[in-house]
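File shown: final.txt (compact mmCIF, C-alpha atoms).
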```txt
# COMPACT_ATOMS: atom_id res chain seq x y z
CA MET T 1 2.17 -196.87 -11.12
CA GLU T 2 3.94 -198.59 -14.00
CA ASN T 3 7.20 -199.02 -12.11
CA LYS T 4 5.42 -200.44 -9.08
CA ILE T 5 3.55 -202.93 -11.19
CA ASN T 6 6.66 -204.04 -13.02
CA ARG T 7 8.38 -204.78 -9.70
CA SER T 8 5.49 -206.77 -8.30
CA GLY T 9 5.74 -209.72 -10.66
CA THR T 10 3.68 -211.76 -13.07
CA THR T 11 0.56 -212.10 -10.89
CA THR T 12 0.05 -208.38 -10.53
CA ALA T 13 0.71 -207.81 -14.24
CA LEU T 14 -2.01 -210.35 -15.03
CA VAL T 15 -4.44 -208.50 -12.75
CA VAL T 16 -3.70 -205.27 -14.63
CA LEU T 17 -4.45 -206.95 -17.96
CA LEU T 18 -7.72 -208.28 -16.57
CA VAL T 19 -8.70 -204.81 -15.36
CA PHE T 20 -8.00 -203.25 -18.75
CA PHE T 21 -9.88 -206.04 -20.50
CA ARG T 22 -12.90 -205.50 -18.28
CA LEU T 23 -12.94 -201.76 -18.83
CA PHE T 24 -12.18 -201.50 -22.51
CA ALA T 25 -13.17 -204.81 -24.07
CA THR T 26 -16.46 -205.28 -22.24
CA GLY T 27 -17.30 -201.66 -21.50
CA GLN T 28 -18.32 -202.57 -17.91
CA HIS T 29 -17.81 -200.23 -14.99
CA SER T 30 -17.34 -200.91 -11.30
CA ILE T 31 -17.58 -199.34 -7.88
CA VAL T 32 -13.83 -198.54 -8.00
CA ASP T 33 -14.32 -196.82 -11.37
CA ARG T 34 -16.93 -194.68 -9.64
CA TYR T 35 -15.14 -193.80 -6.41
CA GLY T 36 -11.44 -194.30 -7.14
CA HIS T 37 -8.97 -193.67 -4.34
CA LEU T 38 -10.71 -193.38 -0.95
CA SER T 39 -9.86 -190.79 1.68
CA VAL T 40 -11.00 -189.82 5.16
CA LYS T 41 -12.42 -186.40 5.97
CA GLY T 42 -13.65 -186.04 9.53
CA SER T 43 -15.88 -189.02 10.27
CA TYR T 44 -16.67 -189.74 6.60
CA LEU T 45 -15.14 -191.78 3.81
CA LEU T 46 -14.88 -189.85 0.55
CA SER T 47 -14.28 -190.68 -3.11
CA GLU T 48 -11.74 -188.98 -5.36
CA LYS T 49 -14.52 -186.63 -6.44
CA GLY T 50 -15.41 -185.72 -2.85
CA ASP T 51 -18.60 -187.80 -2.66
CA THR T 52 -19.49 -189.52 0.60
CA VAL T 53 -18.85 -193.26 0.27
CA GLN T 54 -20.64 -196.16 1.95
CA LEU T 55 -19.45 -199.63 0.98
CA ARG T 56 -21.36 -202.83 1.78
CA GLY T 57 -20.15 -206.37 1.32
CA MET T 58 -18.94 -209.65 2.72
CA SER T 59 -16.06 -210.89 4.82
CA PHE T 60 -14.55 -214.28 4.16
CA PHE T 61 -13.98 -216.65 7.11
CA TRP T 62 -10.58 -217.32 8.70
CA SER T 63 -8.33 -218.25 5.76
CA GLN T 64 -6.71 -221.28 7.39
CA TRP T 65 -10.10 -222.90 8.08
CA MET T 66 -12.19 -222.06 5.02
CA PRO T 67 -9.68 -221.60 2.18
CA GLN T 68 -11.97 -223.24 -0.38
CA PHE T 69 -14.08 -220.06 -0.66
CA TYR T 70 -11.03 -217.92 -1.44
CA ASN T 71 -11.31 -218.10 -5.22
CA ALA T 72 -12.06 -215.80 -8.16
CA ASP T 73 -15.41 -217.40 -9.03
CA CYS T 74 -16.73 -216.82 -5.52
CA VAL T 75 -15.62 -213.18 -5.62
CA GLN T 76 -17.34 -212.68 -8.98
CA TRP T 77 -20.58 -214.23 -7.68
CA LEU T 78 -20.54 -211.94 -4.65
CA LYS T 79 -20.18 -208.99 -7.01
CA ASP T 80 -22.66 -210.04 -9.71
CA ASP T 81 -25.38 -211.76 -7.67
CA TRP T 82 -25.04 -210.28 -4.16
CA LYS T 83 -24.05 -206.82 -5.49
CA CYS T 84 -21.13 -206.52 -3.06
CA THR T 85 -19.00 -203.42 -3.44
CA ILE T 86 -16.32 -204.69 -1.05
CA VAL T 87 -14.94 -208.01 0.17
CA ARG T 88 -12.68 -208.75 3.12
CA ALA T 89 -9.89 -211.33 3.01
CA ALA T 90 -9.54 -212.45 6.63
CA MET T 91 -6.04 -213.91 6.86
CA GLY T 92 -5.80 -215.95 10.05
CA VAL T 93 -2.60 -215.14 11.91
CA GLU T 94 -2.44 -217.45 14.93
CA LYS T 95 -3.95 -220.93 15.34
CA GLY T 96 -2.24 -222.49 12.34
CA GLY T 97 -2.46 -219.37 10.20
CA TYR T 98 0.15 -216.95 8.86
CA LEU T 99 2.64 -217.36 11.71
CA THR T 100 2.75 -221.12 11.02
CA ASN T 101 2.32 -221.19 7.22
CA PRO T 102 3.08 -217.71 5.86
CA GLU T 103 3.40 -218.62 2.18
CA LYS T 104 0.27 -220.76 2.17
CA GLU T 105 -1.86 -218.09 3.85
CA LYS T 106 -0.56 -215.31 1.61
CA GLU T 107 -1.31 -217.42 -1.45
CA THR T 108 -4.84 -218.05 -0.18
CA ILE T 109 -5.78 -214.43 0.45
CA GLN T 110 -4.08 -213.16 -2.71
CA LYS T 111 -6.60 -215.14 -4.75
CA VAL T 112 -9.33 -212.91 -3.32
CA ILE T 113 -7.26 -209.71 -3.53
CA ASP T 114 -6.34 -210.31 -7.18
CA ALA T 115 -9.92 -211.26 -8.07
CA ALA T 116 -11.35 -208.19 -6.33
CA ILE T 117 -8.99 -205.90 -8.22
CA ALA T 118 -9.85 -207.60 -11.52
CA GLN T 119 -13.59 -207.25 -10.75
CA GLY T 120 -13.34 -203.62 -9.68
CA LEU T 121 -14.22 -204.23 -6.02
CA TYR T 122 -12.68 -202.74 -2.92
CA VAL T 123 -10.87 -205.33 -0.82
CA ILE T 124 -9.73 -205.33 2.80
CA ILE T 125 -6.46 -207.12 3.54
CA ASP T 126 -7.32 -208.16 7.09
CA TYR T 127 -4.65 -209.28 9.59
CA HIS T 128 -7.13 -211.47 11.42
CA SER T 129 -5.70 -211.68 14.92
CA HIS T 130 -6.66 -211.17 18.56
CA GLU T 131 -3.11 -210.60 19.80
CA ALA T 132 -1.14 -209.04 16.92
CA HIS T 133 0.47 -206.40 19.13
CA THR T 134 2.50 -209.12 20.87
CA ASN T 135 4.38 -209.80 17.61
CA PRO T 136 4.50 -206.54 15.66
CA ASP T 137 7.53 -207.56 13.58
CA ALA T 138 5.53 -210.30 11.86
CA ALA T 139 2.84 -207.78 10.91
CA VAL T 140 5.46 -205.33 9.64
CA VAL T 141 6.91 -207.95 7.30
CA PHE T 142 3.48 -208.97 6.03
CA PHE T 143 2.14 -205.48 5.38
CA ALA T 144 5.38 -204.31 3.78
CA GLU T 145 5.01 -207.11 1.23
CA MET T 146 1.33 -206.35 0.65
CA ALA T 147 1.96 -202.61 0.26
CA LYS T 148 4.78 -203.20 -2.22
CA LYS T 149 2.61 -205.56 -4.24
CA TYR T 150 -0.75 -203.81 -4.12
CA GLY T 151 -0.11 -200.22 -3.05
CA ALA T 152 -0.65 -198.85 -6.57
CA TYR T 153 -4.29 -200.01 -6.62
CA PRO T 154 -7.07 -197.80 -5.21
CA ASN T 155 -9.02 -200.99 -4.44
CA VAL T 156 -6.87 -201.93 -1.46
CA ILE T 157 -7.62 -201.24 2.21
CA TYR T 158 -5.31 -202.50 4.98
CA GLU T 159 -6.81 -203.72 8.27
CA LEU T 160 -3.89 -203.82 10.70
CA TYR T 161 -5.51 -205.70 13.57
CA ASN T 162 -8.86 -207.43 13.46
CA GLU T 163 -9.98 -207.56 17.10
CA PRO T 164 -7.71 -206.74 20.04
CA LEU T 165 -8.95 -208.29 23.26
CA ALA T 166 -10.03 -206.35 26.35
CA ASP T 167 -6.69 -206.48 28.18
CA PRO T 168 -4.29 -204.34 26.10
CA SER T 169 -4.07 -200.58 26.55
CA TRP T 170 -4.89 -198.39 23.56
CA SER T 171 -2.10 -195.88 24.21
CA GLU T 172 0.54 -198.26 25.52
CA ASP T 173 -0.01 -201.35 23.37
CA LEU T 174 -2.33 -200.90 20.40
CA LYS T 175 -1.42 -197.45 19.14
CA PRO T 176 2.37 -198.16 19.18
CA TYR T 177 1.73 -201.39 17.27
CA ALA T 178 -0.34 -199.55 14.68
CA GLU T 179 2.24 -196.80 14.27
CA LYS T 180 5.03 -199.32 13.71
CA VAL T 181 3.10 -201.23 11.05
CA LEU T 182 1.69 -198.09 9.44
CA LYS T 183 5.15 -196.56 9.11
CA GLU T 184 6.23 -199.54 7.00
CA ILE T 185 3.10 -199.44 4.84
CA ARG T 186 3.57 -195.74 4.13
CA LYS T 187 7.07 -196.35 2.79
CA HIS T 188 5.45 -198.15 -0.16
CA ASP T 189 1.87 -196.85 -0.20
CA PRO T 190 1.49 -193.27 1.01
CA ASP T 191 -2.26 -192.90 0.86
CA ASN T 192 -4.52 -195.97 0.70
CA LEU T 193 -7.04 -196.32 3.50
CA VAL T 194 -5.96 -198.09 6.70
CA ILE T 195 -8.28 -199.56 9.38
CA MET T 196 -7.05 -200.16 12.92
CA GLY T 197 -8.83 -202.38 15.42
CA THR T 198 -9.84 -201.04 18.82
CA ARG T 199 -9.88 -202.53 22.28
CA GLN T 200 -12.39 -205.17 23.41
CA TRP T 201 -13.05 -206.86 20.06
CA SER T 202 -13.08 -203.51 18.23
CA GLN T 203 -15.78 -201.94 20.37
CA LYS T 204 -14.00 -199.33 22.55
CA VAL T 205 -13.75 -196.80 19.74
CA SER T 206 -14.24 -193.74 21.97
CA GLU T 207 -10.95 -194.48 23.75
CA VAL T 208 -9.16 -193.31 20.62
CA ILE T 209 -10.55 -189.77 20.93
CA ALA T 210 -7.90 -188.65 23.41
CA ASP T 211 -5.00 -190.29 21.58
CA PRO T 212 -5.64 -190.81 17.84
CA ILE T 213 -3.11 -192.04 15.30
CA THR T 214 -1.63 -189.15 13.34
CA ASP T 215 -2.26 -190.38 9.80
CA PRO T 216 -4.65 -188.50 7.49
CA ASN T 217 -6.19 -191.63 6.00
CA ILE T 218 -7.10 -193.90 8.88
CA ALA T 219 -10.40 -195.29 10.17
CA TYR T 220 -11.03 -197.32 13.30
CA ALA T 221 -12.74 -200.71 13.35
CA LEU T 222 -16.16 -201.01 14.94
CA HIS T 223 -17.41 -204.60 15.17
CA PHE T 224 -20.84 -205.71 16.31
CA TYR T 225 -23.09 -208.75 16.51
CA ALA T 226 -26.62 -207.44 16.54
CA HIS T 227 -28.17 -209.62 19.26
CA THR T 228 -25.38 -208.86 21.74
CA HIS T 229 -24.31 -205.32 20.86
CA ARG T 230 -27.19 -202.89 20.98
CA GLN T 231 -27.82 -199.24 21.83
CA TRP T 232 -24.82 -198.89 24.13
CA LEU T 233 -22.45 -199.68 21.27
CA MET T 234 -24.26 -197.31 18.93
CA ASP T 235 -23.79 -194.63 21.59
CA GLU T 236 -20.09 -195.48 21.80
CA ALA T 237 -19.78 -195.21 18.02
CA ARG T 238 -21.71 -191.94 17.89
CA LYS T 239 -19.43 -190.42 20.54
CA ALA T 240 -16.35 -191.33 18.48
CA MET T 241 -17.82 -190.00 15.23
CA GLU T 242 -18.99 -186.75 16.81
CA SER T 243 -15.39 -186.19 17.92
CA GLY T 244 -14.28 -186.45 14.29
CA LEU T 245 -13.07 -190.06 14.14
CA ALA T 246 -13.86 -192.17 11.06
CA LEU T 247 -15.21 -195.65 11.76
CA PHE T 248 -15.45 -198.69 9.50
CA VAL T 249 -17.59 -201.72 10.38
CA SER T 250 -15.21 -204.27 8.93
CA GLU T 251 -17.09 -207.10 10.67
CA MET T 252 -20.75 -207.40 11.68
CA GLY T 253 -23.11 -210.26 12.40
CA THR T 254 -26.85 -210.85 12.57
CA CYS T 255 -26.74 -212.92 15.75
CA ASP T 256 -25.10 -213.41 19.14
CA ALA T 257 -21.41 -212.51 19.54
CA SER T 258 -20.55 -216.21 19.72
CA GLY T 259 -21.64 -216.45 16.08
CA ASN T 260 -23.71 -219.51 16.80
CA LYS T 261 -27.14 -218.58 18.18
CA PHE T 262 -29.90 -215.96 18.41
CA PHE T 263 -30.39 -214.84 14.83
CA ASN T 264 -31.94 -211.40 15.34
CA PRO T 265 -33.23 -209.62 12.21
CA LYS T 266 -34.97 -206.90 14.28
CA GLU T 267 -31.77 -205.70 15.96
CA THR T 268 -29.84 -206.16 12.70
CA GLN T 269 -32.26 -203.77 11.00
CA LYS T 270 -31.62 -201.18 13.71
CA TRP T 271 -27.93 -201.44 12.91
CA PHE T 272 -28.58 -201.15 9.15
CA ASP T 273 -30.51 -197.95 9.86
CA PHE T 274 -27.74 -196.63 12.10
CA MET T 275 -25.02 -197.40 9.55
CA ASP T 276 -27.03 -195.78 6.75
CA GLN T 277 -27.60 -192.69 8.91
CA TYR T 278 -23.87 -192.21 9.48
CA LYS T 279 -22.69 -193.61 6.11
CA LEU T 280 -20.75 -196.41 7.78
CA SER T 281 -19.26 -199.01 5.45
CA TRP T 282 -19.63 -202.64 6.48
CA CYS T 283 -18.70 -206.26 5.79
CA ASN T 284 -20.84 -209.14 7.05
CA TRP T 285 -19.30 -212.18 8.75
CA SER T 286 -19.05 -214.48 6.84
CA VAL T 287 -18.70 -216.35 3.54
CA CYS T 288 -18.68 -219.76 5.11
CA ASP T 289 -20.64 -223.03 5.25
CA LYS T 290 -19.77 -223.81 8.84
CA GLU T 291 -22.86 -224.96 10.71
CA GLU T 292 -23.39 -221.82 12.78
CA THR T 293 -25.76 -218.86 12.78
CA ALA T 294 -23.33 -216.27 11.41
CA SER T 295 -22.54 -218.28 8.27
CA VAL T 296 -24.38 -217.16 5.15
CA LEU T 297 -24.20 -220.62 3.54
CA LYS T 298 -25.56 -224.00 4.53
CA PRO T 299 -23.08 -226.88 4.90
CA GLY T 300 -21.82 -228.54 1.75
CA VAL T 301 -22.64 -225.86 -0.83
CA SER T 302 -20.42 -225.01 -3.77
CA ALA T 303 -17.30 -223.00 -2.94
CA THR T 304 -17.51 -221.06 -6.20
CA GLY T 305 -20.89 -219.35 -5.92
CA ASN T 306 -24.05 -220.03 -7.96
CA TRP T 307 -25.95 -220.52 -4.69
CA LYS T 308 -29.70 -221.02 -4.76
CA GLU T 309 -31.81 -219.35 -2.10
CA GLU T 310 -32.46 -222.67 -0.37
CA GLU T 311 -28.69 -223.05 0.07
CA LEU T 312 -28.50 -219.84 2.10
CA THR T 313 -29.00 -219.59 5.84
CA GLU T 314 -31.45 -217.14 7.44
CA SER T 315 -28.53 -214.78 7.87
CA GLY T 316 -27.47 -215.28 4.27
CA ILE T 317 -30.92 -214.43 2.93
CA LEU T 318 -31.17 -211.32 5.11
CA ILE T 319 -27.72 -210.03 4.15
CA ARG T 320 -28.07 -210.78 0.44
CA ASN T 321 -31.41 -208.96 0.34
CA GLU T 322 -29.91 -205.93 2.08
CA LEU T 323 -26.94 -205.82 -0.29
CA ILE T 324 -29.15 -206.07 -3.37
CA LEU T 325 -31.60 -203.47 -2.04
CA LYS T 326 -28.97 -200.88 -1.09
CA ASN T 327 -26.17 -201.46 -3.62
CA THR T 328 -28.13 -202.10 -6.84
CA PRO T 329 -29.35 -198.48 -7.31
CA LEU T 330 -25.80 -197.22 -6.89
CA LEU T 331 -24.36 -199.70 -9.37
CA LYS T 332 -27.01 -198.85 -11.98
CA THR T 333 -26.35 -195.12 -11.82
CA PRO T 334 -24.08 -193.82 -14.64
CA VAL T 335 -20.41 -193.77 -13.62
CA LEU T 336 -18.41 -190.57 -13.53
CA LYS T 337 -14.97 -191.98 -14.14
CA ALA T 338 -12.44 -191.06 -11.45
CA GLY T 339 -8.80 -190.43 -12.22
CA ALA T 340 -6.25 -193.23 -11.87
CA LYS T 341 -4.36 -193.36 -8.63
CA LYS T 342 -0.72 -192.32 -8.76
```
Would you mind giving the structure from this file in structure tokens?
Amino acid sequence: MENKINRSGTTTALVVLLVFFRLFATGQHSIVDRYGHLSVKGSYLLSEKGDTVQLRGMSFFWSQWMPQFYNADCVQWLKDDWKCTIVRAAMGVEKGGYLTNPEKEKETIQKVIDAAIAQGLYVIIDYHSHEAHTNPDAAVVFFAEMAKKYGAYPNVIYELYNEPLADPSWSEDLKPYAEKVLKEIRKHDPDNLVIMGTRQWSQKVSEVIADPITDPNIAYALHFYAHTHRQWLMDEARKAMESGLALFVSEMGTCDASGNKFFNPKETQKWFDFMDQYKLSWCNWSVCDKEETASVLKPGVSATGNWKEEELTESGILIRNELILKNTPLLKTPVLKAGAKK
């Protein structure tokens, strides 16, 4: 680990100092202290100690459109007040994102990645694209850099492809893309968790059963918006899990799939129950003050946290309450310190 950190530069060294300060100077513990390096066994996510893991947290909005929320204060508020155990840095790829401004977008998401590591949270490095397989070389370059920089940290999870559309083939388009990118990641990080998106906005998870990726530490993305995606998608997910595939709900919403109507707490609760039953980890979409139903914040609020309840949307109140209800008991339980990765 020491050699990797020395090669990764001043920013990573600073993160390490912050981690040590948090652990030894303040005596605080975190979800990563508890679980350590994550691994997949069958359809479950496990800790270093072999415990079943279920993470719950928030996804940031597309980085090129809501960069103001990508800051350390916001991450700390999500941990301390919302009791998040994971955050997701959604780096926009097309539409003025990474492909247009690679250094700017990397700098934006690294603020969240570095803060999550310093705060002891898990963090998803999300390649937020709907057509990534059409330009795999760009993804290879990006993930090679991220794996070199962050591969020593058990906090880090790589999401190779947010939401493929309905048109590509799993076996002919998506799996080859994933294998190419994953091969590069594994040169620098042999064992951190990887999430791969599935066809039709990460819904067709059962298609993977006949042709899975041969990596021991991979999960497949299942995305839902509760008003639109109901029992049929739960059945699809159950079929995949019963075959032995691990799923990760890296994006979920409380409303219609458009993100902008039909807030539906009843159907959202059904999904909470389903995810708890199968120990599915999830991130809610999104940390954003855009005027739409899926946003957890009302327009014009602070970008650094300290939000009052009246500054939250209906979705924000529902999600915050769920996170506090389910994550607080876990965070209050005494920590059995896991061993350091690598």
request  = Give me the residues within 8 Å of Thr85 (chain T) as a ChimeraX atom specification, counting only C-alpha atoms and dropping any in the same chain fewer than 3 places off.
outcome  = /T:31,55-57,79,121-122,327
C-alpha atoms of the current selection, written as a PDB file, in the frame of the given file:
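The new file part_10.pdb reads:
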```pdb
ATOM      1  CA  ILE T  31     -17.580-199.340  -7.880  1.00  0.00           C
ATOM      2  CA  LEU T  55     -19.450-199.630   0.980  1.00  0.00           C
ATOM      3  CA  ARG T  56     -21.360-202.830   1.780  1.00  0.00           C
ATOM      4  CA  GLY T  57     -20.150-206.370   1.320  1.00  0.00           C
ATOM      5  CA  LYS T  79     -20.180-208.990  -7.010  1.00  0.00           C
ATOM      6  CA  LEU T 121     -14.220-204.230  -6.020  1.00  0.00           C
ATOM      7  CA  TYR T 122     -12.680-202.740  -2.920  1.00  0.00           C
ATOM      8  CA  ASN T 327     -26.170-201.460  -3.620  1.00  0.00           C
TER       9      ASN T 327
END
```
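Proximity ranking of T:Lys261, T:Lys95, T:Lys183, T:Lys175 relative to Glu292 (chain T) places T:Lys261 first, based on all atoms listed in the file.
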ask   = Which protein, DNA or RNA residues are at most 7 Å from (0.5, -198.8, -2.1) in the file's coordinates when you count all atoms listed in the file, listed as number ranges by chain?
value = T: 147-148, 150-153, 188-190, 192
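The list of residues with at least one atom within 8 Å of Ser202 (chain T), based on only C-alpha atoms and without residues fewer than 6 positions apart in the same chain, reads Asn162, Glu163, Pro164, Ala221, Leu222 and His223 of chain T.
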note = One residue among T:Ala144, T:Val87, T:Ala226, T:Leu38 is nearest to Ile117 (chain T) when using all atoms listed in the file, and that residue is T:Val87
query = Expressed in Å to a single decimal, how great is the separation between CA of Ala118 (chain T) and CA of Ile218 (chain T)?
reply = 24.7 Å
request  = Write out as number ranges by chain which residues come within 10 Å of Phe262 (chain T) when counting all atoms listed in the file, dropping same-chain ones fewer than 2 positions away.
outcome  = T: 226-228, 254-260, 264-265, 293-294
